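Peer 1: One structure is given below, represented as structure tokens, and several questions about it will come after.
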Amino acid sequence: MKNLILYNYFRSSTSYRARIALELKKLNYEYYPIHLINNGGEQHSEDYRKLNPMGGIPTLVHDGKVIGQTMAILQYLDDAFPQTQQLFPKDFFEKAKVIQFCENINTDIHPVQNLKVLKYLKKNFSTTEEQNEHWVQHWITEGFHAVEKMAGETSKDYCFGSSVTAADIFLIPQMVTAQRFHTDLSPFPTLNKIYKNCLELEAFKKAHPFRQVDTPEDMRIS
Ligand SMILES: N[C@@H](CCC(=O)N[C@@H](CS)C(=O)NCC(=O)O)C(=O)O
């Protein structure tokens, strides 16, 4: 057994964040799939809730220490493995700006389009697939206008200058979700440039949702 275990799901954007971080840091980890749909959603099982009371994925376990929430996971990995590629700048103002960027996605965009929210809308307000898609597109588009503005001021190749930071790790999975929900990304030239640059990197490729052990056959890419 490896000393790092990631409980995650191929298509989850938050899982993709954690996988990119682990790949950038070249840390070996055990991939433990948690299926968000099968068996009523394995994130709701008693065993998983013991690890992560919110029932969110991913969860990282390092030498028996359990960490949920990707923002905490990324910061933990920087602290626990200081010799690896750092995801947050050392300068405290720059670090705060990177966190601000990440939180636009983590707390303003991602939660309103999360699976449990879409399921709730459907069950309690009888929304259709089209209405849910419209809902997701609306919140992603609104959030991306802010994120595009920020990146427009700080980006060279990546969100902040020419080095990959946590900001890119939060952005790219959110863009993959945006594509999945057929969001028009043409108003966001800076984000599209960053997306293209990141997807040329080995870590982003290896961590991609369509290249995981639990990716269904018909979705796999080489
Ligand atoms: N803010 C949390 C969000 C975790 C989360 O909710 N992840 C989604 C997958 S992308 C999930 O587990 N959803 C389960 C559900 O909606 O039931 C993080 O960054 O880890």
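Identifiers in this document derive from the order of the structure tokens: chains are assigned A, B, ..., residues are numbered from 1 separately in each chain, and ligands are numbered from 1 in order of occurrence.
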With only C-alpha atoms as the counted atoms, please give the residues lying no more than 12 Å from A:Leu115, apart from itself and same-chain residues fewer than 6 positions off, as a list in words.
Peer 2: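 So the residues in contact are Arg11, Ser12, Ser13, Thr14, Leu36, Ile37, Gly41, Gln43, Gly55, Gly56, Ile57, Leu121, Lys122, Asn132, Glu133, Val136 and Thr177 of chain A.
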Peer 1: Check which residues fall inside 10 Å of ligand 1 when counting only C-alpha atoms and all ligand atoms, and print them as an mmCIF file with N, CA and C atoms, in the first residue's frame.
Peer 2:
data_model
loop_
_atom_site.group_PDB
_atom_site.id
_atom_site.type_symbol
_atom_site.label_atom_id
_atom_site.label_comp_id
_atom_site.auth_asym_id
_atom_site.auth_seq_id
_atom_site.Cartn_x
_atom_site.Cartn_y
_atom_site.Cartn_z
ATOM 1 N N ASN A 8 -11.294 9.348 -5.033
ATOM 2 C CA ASN A 8 -11.738 10.310 -6.053
ATOM 3 C C ASN A 8 -12.532 9.640 -7.160
ATOM 4 N N TYR A 9 -12.960 10.449 -8.123
ATOM 5 C CA TYR A 9 -13.826 9.982 -9.218
ATOM 6 C C TYR A 9 -13.336 10.636 -10.497
ATOM 7 N N PHE A 10 -13.269 9.848 -11.556
ATOM 8 C CA PHE A 10 -12.614 10.337 -12.783
ATOM 9 C C PHE A 10 -13.157 11.686 -13.252
ATOM 10 N N ARG A 11 -14.494 11.853 -13.233
ATOM 11 C CA ARG A 11 -15.095 13.028 -13.857
ATOM 12 C C ARG A 11 -15.232 14.237 -12.930
ATOM 13 N N SER A 12 -15.007 14.014 -11.651
ATOM 14 C CA SER A 12 -15.169 15.124 -10.704
ATOM 15 C C SER A 12 -14.065 16.163 -10.899
ATOM 16 N N SER A 13 -14.474 17.421 -11.021
ATOM 17 C CA SER A 13 -13.481 18.477 -11.272
ATOM 18 C C SER A 13 -12.588 18.693 -10.051
ATOM 19 N N THR A 14 -13.149 18.487 -8.863
ATOM 20 C CA THR A 14 -12.319 18.675 -7.662
ATOM 21 C C THR A 14 -11.289 17.543 -7.555
ATOM 22 N N SER A 15 -11.680 16.344 -7.987
ATOM 23 C CA SER A 15 -10.716 15.236 -8.012
ATOM 24 C C SER A 15 -9.600 15.534 -9.000
ATOM 25 N N TYR A 16 -9.988 16.109 -10.139
ATOM 26 C CA TYR A 16 -8.982 16.462 -11.157
ATOM 27 C C TYR A 16 -7.971 17.449 -10.558
ATOM 28 N N ARG A 17 -8.468 18.389 -9.741
ATOM 29 C CA ARG A 17 -7.533 19.340 -9.088
ATOM 30 C C ARG A 17 -6.464 18.586 -8.297
ATOM 31 N N ALA A 18 -6.931 17.677 -7.439
ATOM 32 C CA ALA A 18 -5.987 16.960 -6.556
ATOM 33 C C ALA A 18 -5.025 16.103 -7.372
ATOM 34 N N ILE A 34 -14.302 6.407 -6.042
ATOM 35 C CA ILE A 34 -15.595 6.565 -5.355
ATOM 36 C C ILE A 34 -16.589 6.969 -6.434
ATOM 37 N N HIS A 35 -17.520 6.074 -6.743
ATOM 38 C CA HIS A 35 -18.446 6.371 -7.845
ATOM 39 C C HIS A 35 -19.570 7.286 -7.353
ATOM 40 N N LEU A 36 -19.709 8.442 -7.997
ATOM 41 C CA LEU A 36 -20.688 9.431 -7.519
ATOM 42 C C LEU A 36 -22.140 9.084 -7.865
ATOM 43 N N ILE A 37 -22.327 8.104 -8.761
ATOM 44 C CA ILE A 37 -23.696 7.760 -9.184
ATOM 45 C C ILE A 37 -24.088 6.356 -8.713
ATOM 46 N N GLY A 40 -26.323 4.482 -5.413
ATOM 47 C CA GLY A 40 -26.916 5.673 -4.778
ATOM 48 C C GLY A 40 -25.892 6.759 -4.496
ATOM 49 N N GLY A 41 -24.702 6.601 -5.042
ATOM 50 C CA GLY A 41 -23.623 7.576 -4.795
ATOM 51 C C GLY A 41 -22.754 7.100 -3.647
ATOM 52 N N GLU A 42 -21.565 6.598 -3.995
ATOM 53 C CA GLU A 42 -20.717 6.016 -2.930
ATOM 54 C C GLU A 42 -20.186 7.070 -1.952
ATOM 55 N N GLN A 43 -20.297 8.354 -2.355
ATOM 56 C CA GLN A 43 -19.875 9.428 -1.435
ATOM 57 C C GLN A 43 -20.786 9.524 -0.213
ATOM 58 N N HIS A 44 -21.979 8.880 -0.316
ATOM 59 C CA HIS A 44 -22.922 8.920 0.819
ATOM 60 C C HIS A 44 -22.760 7.721 1.753
ATOM 61 N N ASN A 52 -14.895 11.688 5.232
ATOM 62 C CA ASN A 52 -15.248 13.031 4.755
ATOM 63 C C ASN A 52 -16.714 13.302 5.089
ATOM 64 N N MET A 54 -18.681 15.730 4.887
ATOM 65 C CA MET A 54 -19.495 16.466 3.912
ATOM 66 C C MET A 54 -19.897 15.577 2.743
ATOM 67 N N GLY A 55 -19.249 14.425 2.618
ATOM 68 C CA GLY A 55 -19.557 13.546 1.489
ATOM 69 C C GLY A 55 -19.085 14.129 0.169
ATOM 70 N N GLY A 56 -18.035 14.941 0.235
ATOM 71 C CA GLY A 56 -17.467 15.503 -1.002
ATOM 72 C C GLY A 56 -16.194 14.751 -1.356
ATOM 73 N N ILE A 57 -15.902 14.686 -2.629
ATOM 74 C CA ILE A 57 -14.628 14.106 -3.028
ATOM 75 C C ILE A 57 -13.794 15.205 -3.698
ATOM 76 N N PRO A 58 -12.496 15.115 -3.633
ATOM 77 C CA PRO A 58 -11.687 14.000 -3.159
ATOM 78 C C PRO A 58 -11.401 14.082 -1.665
ATOM 79 N N THR A 59 -10.823 12.966 -1.169
ATOM 80 C CA THR A 59 -10.205 12.951 0.159
ATOM 81 C C THR A 59 -8.811 12.362 -0.017
ATOM 82 N N LEU A 60 -7.847 13.009 0.624
ATOM 83 C CA LEU A 60 -6.470 12.513 0.581
ATOM 84 C C LEU A 60 -6.126 11.902 1.935
ATOM 85 N N ILE A 67 -7.399 14.213 4.898
ATOM 86 C CA ILE A 67 -7.616 15.628 4.551
ATOM 87 C C ILE A 67 -8.665 15.738 3.450
ATOM 88 N N GLY A 68 -9.698 16.535 3.712
ATOM 89 C CA GLY A 68 -10.721 16.832 2.708
ATOM 90 C C GLY A 68 -10.570 18.279 2.281
ATOM 91 N N GLN A 69 -11.314 18.675 1.249
ATOM 92 C CA GLN A 69 -11.299 20.027 0.660
ATOM 93 C C GLN A 69 -9.994 20.247 -0.127
ATOM 94 N N THR A 70 -10.152 20.479 -1.410
ATOM 95 C CA THR A 70 -8.955 20.579 -2.264
ATOM 96 C C THR A 70 -8.048 21.748 -1.896
ATOM 97 N N MET A 71 -8.623 22.852 -1.419
ATOM 98 C CA MET A 71 -7.755 23.966 -1.028
ATOM 99 C C MET A 71 -6.836 23.526 0.114
ATOM 100 N N ALA A 72 -7.387 22.784 1.061
ATOM 101 C CA ALA A 72 -6.580 22.268 2.177
ATOM 102 C C ALA A 72 -5.578 21.220 1.675
ATOM 103 N N ILE A 73 -6.026 20.385 0.752
ATOM 104 C CA ILE A 73 -5.148 19.320 0.224
ATOM 105 C C ILE A 73 -3.931 19.937 -0.479
ATOM 106 N N LEU A 74 -4.177 20.931 -1.319
ATOM 107 C CA LEU A 74 -3.061 21.541 -2.064
ATOM 108 C C LEU A 74 -2.074 22.214 -1.108
ATOM 109 N N CYS A 102 -8.421 31.131 -6.949
ATOM 110 C CA CYS A 102 -8.929 29.759 -6.734
ATOM 111 C C CYS A 102 -10.319 29.782 -6.108
ATOM 112 N N GLU A 103 -10.513 30.663 -5.137
ATOM 113 C CA GLU A 103 -11.786 30.688 -4.411
ATOM 114 C C GLU A 103 -12.945 31.179 -5.283
ATOM 115 N N ILE A 105 -13.457 30.149 -8.071
ATOM 116 C CA ILE A 105 -13.937 28.890 -8.651
ATOM 117 C C ILE A 105 -14.464 27.963 -7.555
ATOM 118 N N ASN A 106 -13.674 27.848 -6.491
ATOM 119 C CA ASN A 106 -13.978 26.877 -5.429
ATOM 120 C C ASN A 106 -15.251 27.197 -4.664
ATOM 121 N N THR A 107 -15.489 28.475 -4.403
ATOM 122 C CA THR A 107 -16.652 28.797 -3.561
ATOM 123 C C THR A 107 -17.769 29.532 -4.317
ATOM 124 N N HIS A 110 -18.073 26.512 -8.463
ATOM 125 C CA HIS A 110 -18.261 25.057 -8.346
ATOM 126 C C HIS A 110 -19.481 24.639 -7.508
ATOM 127 N N PRO A 111 -19.699 25.215 -6.328
ATOM 128 C CA PRO A 111 -20.790 24.695 -5.478
ATOM 129 C C PRO A 111 -22.172 24.773 -6.121
ATOM 130 N N VAL A 112 -22.440 25.824 -6.901
ATOM 131 C CA VAL A 112 -23.807 25.947 -7.448
ATOM 132 C C VAL A 112 -24.065 24.995 -8.609
ATOM 133 N N GLN A 113 -23.009 24.389 -9.137
ATOM 134 C CA GLN A 113 -23.224 23.441 -10.238
ATOM 135 C C GLN A 113 -22.853 22.017 -9.836
ATOM 136 N N ASN A 114 -22.704 21.814 -8.520
ATOM 137 C CA ASN A 114 -22.341 20.500 -8.002
ATOM 138 C C ASN A 114 -23.496 19.514 -8.215
ATOM 139 N N LEU A 115 -23.141 18.237 -8.319
ATOM 140 C CA LEU A 115 -24.130 17.185 -8.564
ATOM 141 C C LEU A 115 -25.309 17.252 -7.593
ATOM 142 N N LYS A 116 -25.014 17.433 -6.296
ATOM 143 C CA LYS A 116 -26.100 17.401 -5.305
ATOM 144 C C LYS A 116 -27.078 18.567 -5.503
ATOM 145 N N VAL A 117 -26.575 19.705 -5.984
ATOM 146 C CA VAL A 117 -27.437 20.867 -6.231
ATOM 147 C C VAL A 117 -28.342 20.587 -7.437
ATOM 148 N N LEU A 118 -27.750 20.034 -8.492
ATOM 149 C CA LEU A 118 -28.546 19.724 -9.693
ATOM 150 C C LEU A 118 -29.608 18.671 -9.390
ATOM 151 N N LYS A 119 -29.219 17.691 -8.562
ATOM 152 C CA LYS A 119 -30.187 16.637 -8.189
ATOM 153 C C LYS A 119 -31.332 17.235 -7.369
ATOM 154 N N TYR A 120 -30.985 18.172 -6.489
ATOM 155 C CA TYR A 120 -31.990 18.812 -5.629
ATOM 156 C C TYR A 120 -32.979 19.628 -6.476
ATOM 157 N N PHE A 170 -7.099 24.982 -10.316
ATOM 158 C CA PHE A 170 -8.538 25.169 -10.113
ATOM 159 C C PHE A 170 -9.237 25.507 -11.434
ATOM 160 N N PRO A 173 -9.835 22.215 -14.527
ATOM 161 C CA PRO A 173 -10.979 21.312 -14.332
ATOM 162 C C PRO A 173 -12.331 22.024 -14.484
ATOM 163 N N GLN A 174 -12.384 23.298 -14.053
ATOM 164 C CA GLN A 174 -13.653 24.036 -14.201
ATOM 165 C C GLN A 174 -13.973 24.269 -15.675
ATOM 166 N N THR A 177 -15.426 21.088 -17.084
ATOM 167 C CA THR A 177 -16.850 21.012 -16.717
ATOM 168 C C THR A 177 -17.677 21.952 -17.598
#
Peer 1: From the DSSP assignment of the backbone, select every residue of stretch 46-124 of chain A that is strand (DSSP E or B), and format the answer as a VMD selection string.
Peer 2: chain A and resid 59 to 62 65 to 68
Peer 1: Hey, what's within 12 Å of stretch 140-156 of chain A if we count only C-alpha atoms and toss same-chain stuff fewer than 2 positions away? As a VMD selection string, please?
Peer 2: chain A and resid 94 97 to 98 100 to 114 133 to 138 158 to 165 167 to 168 170 to 172 174 to 195 197
Peer 1: Could you check the closest approach to A:Gln85 for each of A:Lys196, A:Ser126, A:Ala203, A:Ser45 and tell me which residue wins, using only C-alpha atoms?
Peer 2: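 Of A:Lys196, A:Ser126, A:Ala203, A:Ser45, the one nearest A:Gln85 is A:Ala203, counting only C-alpha atoms.
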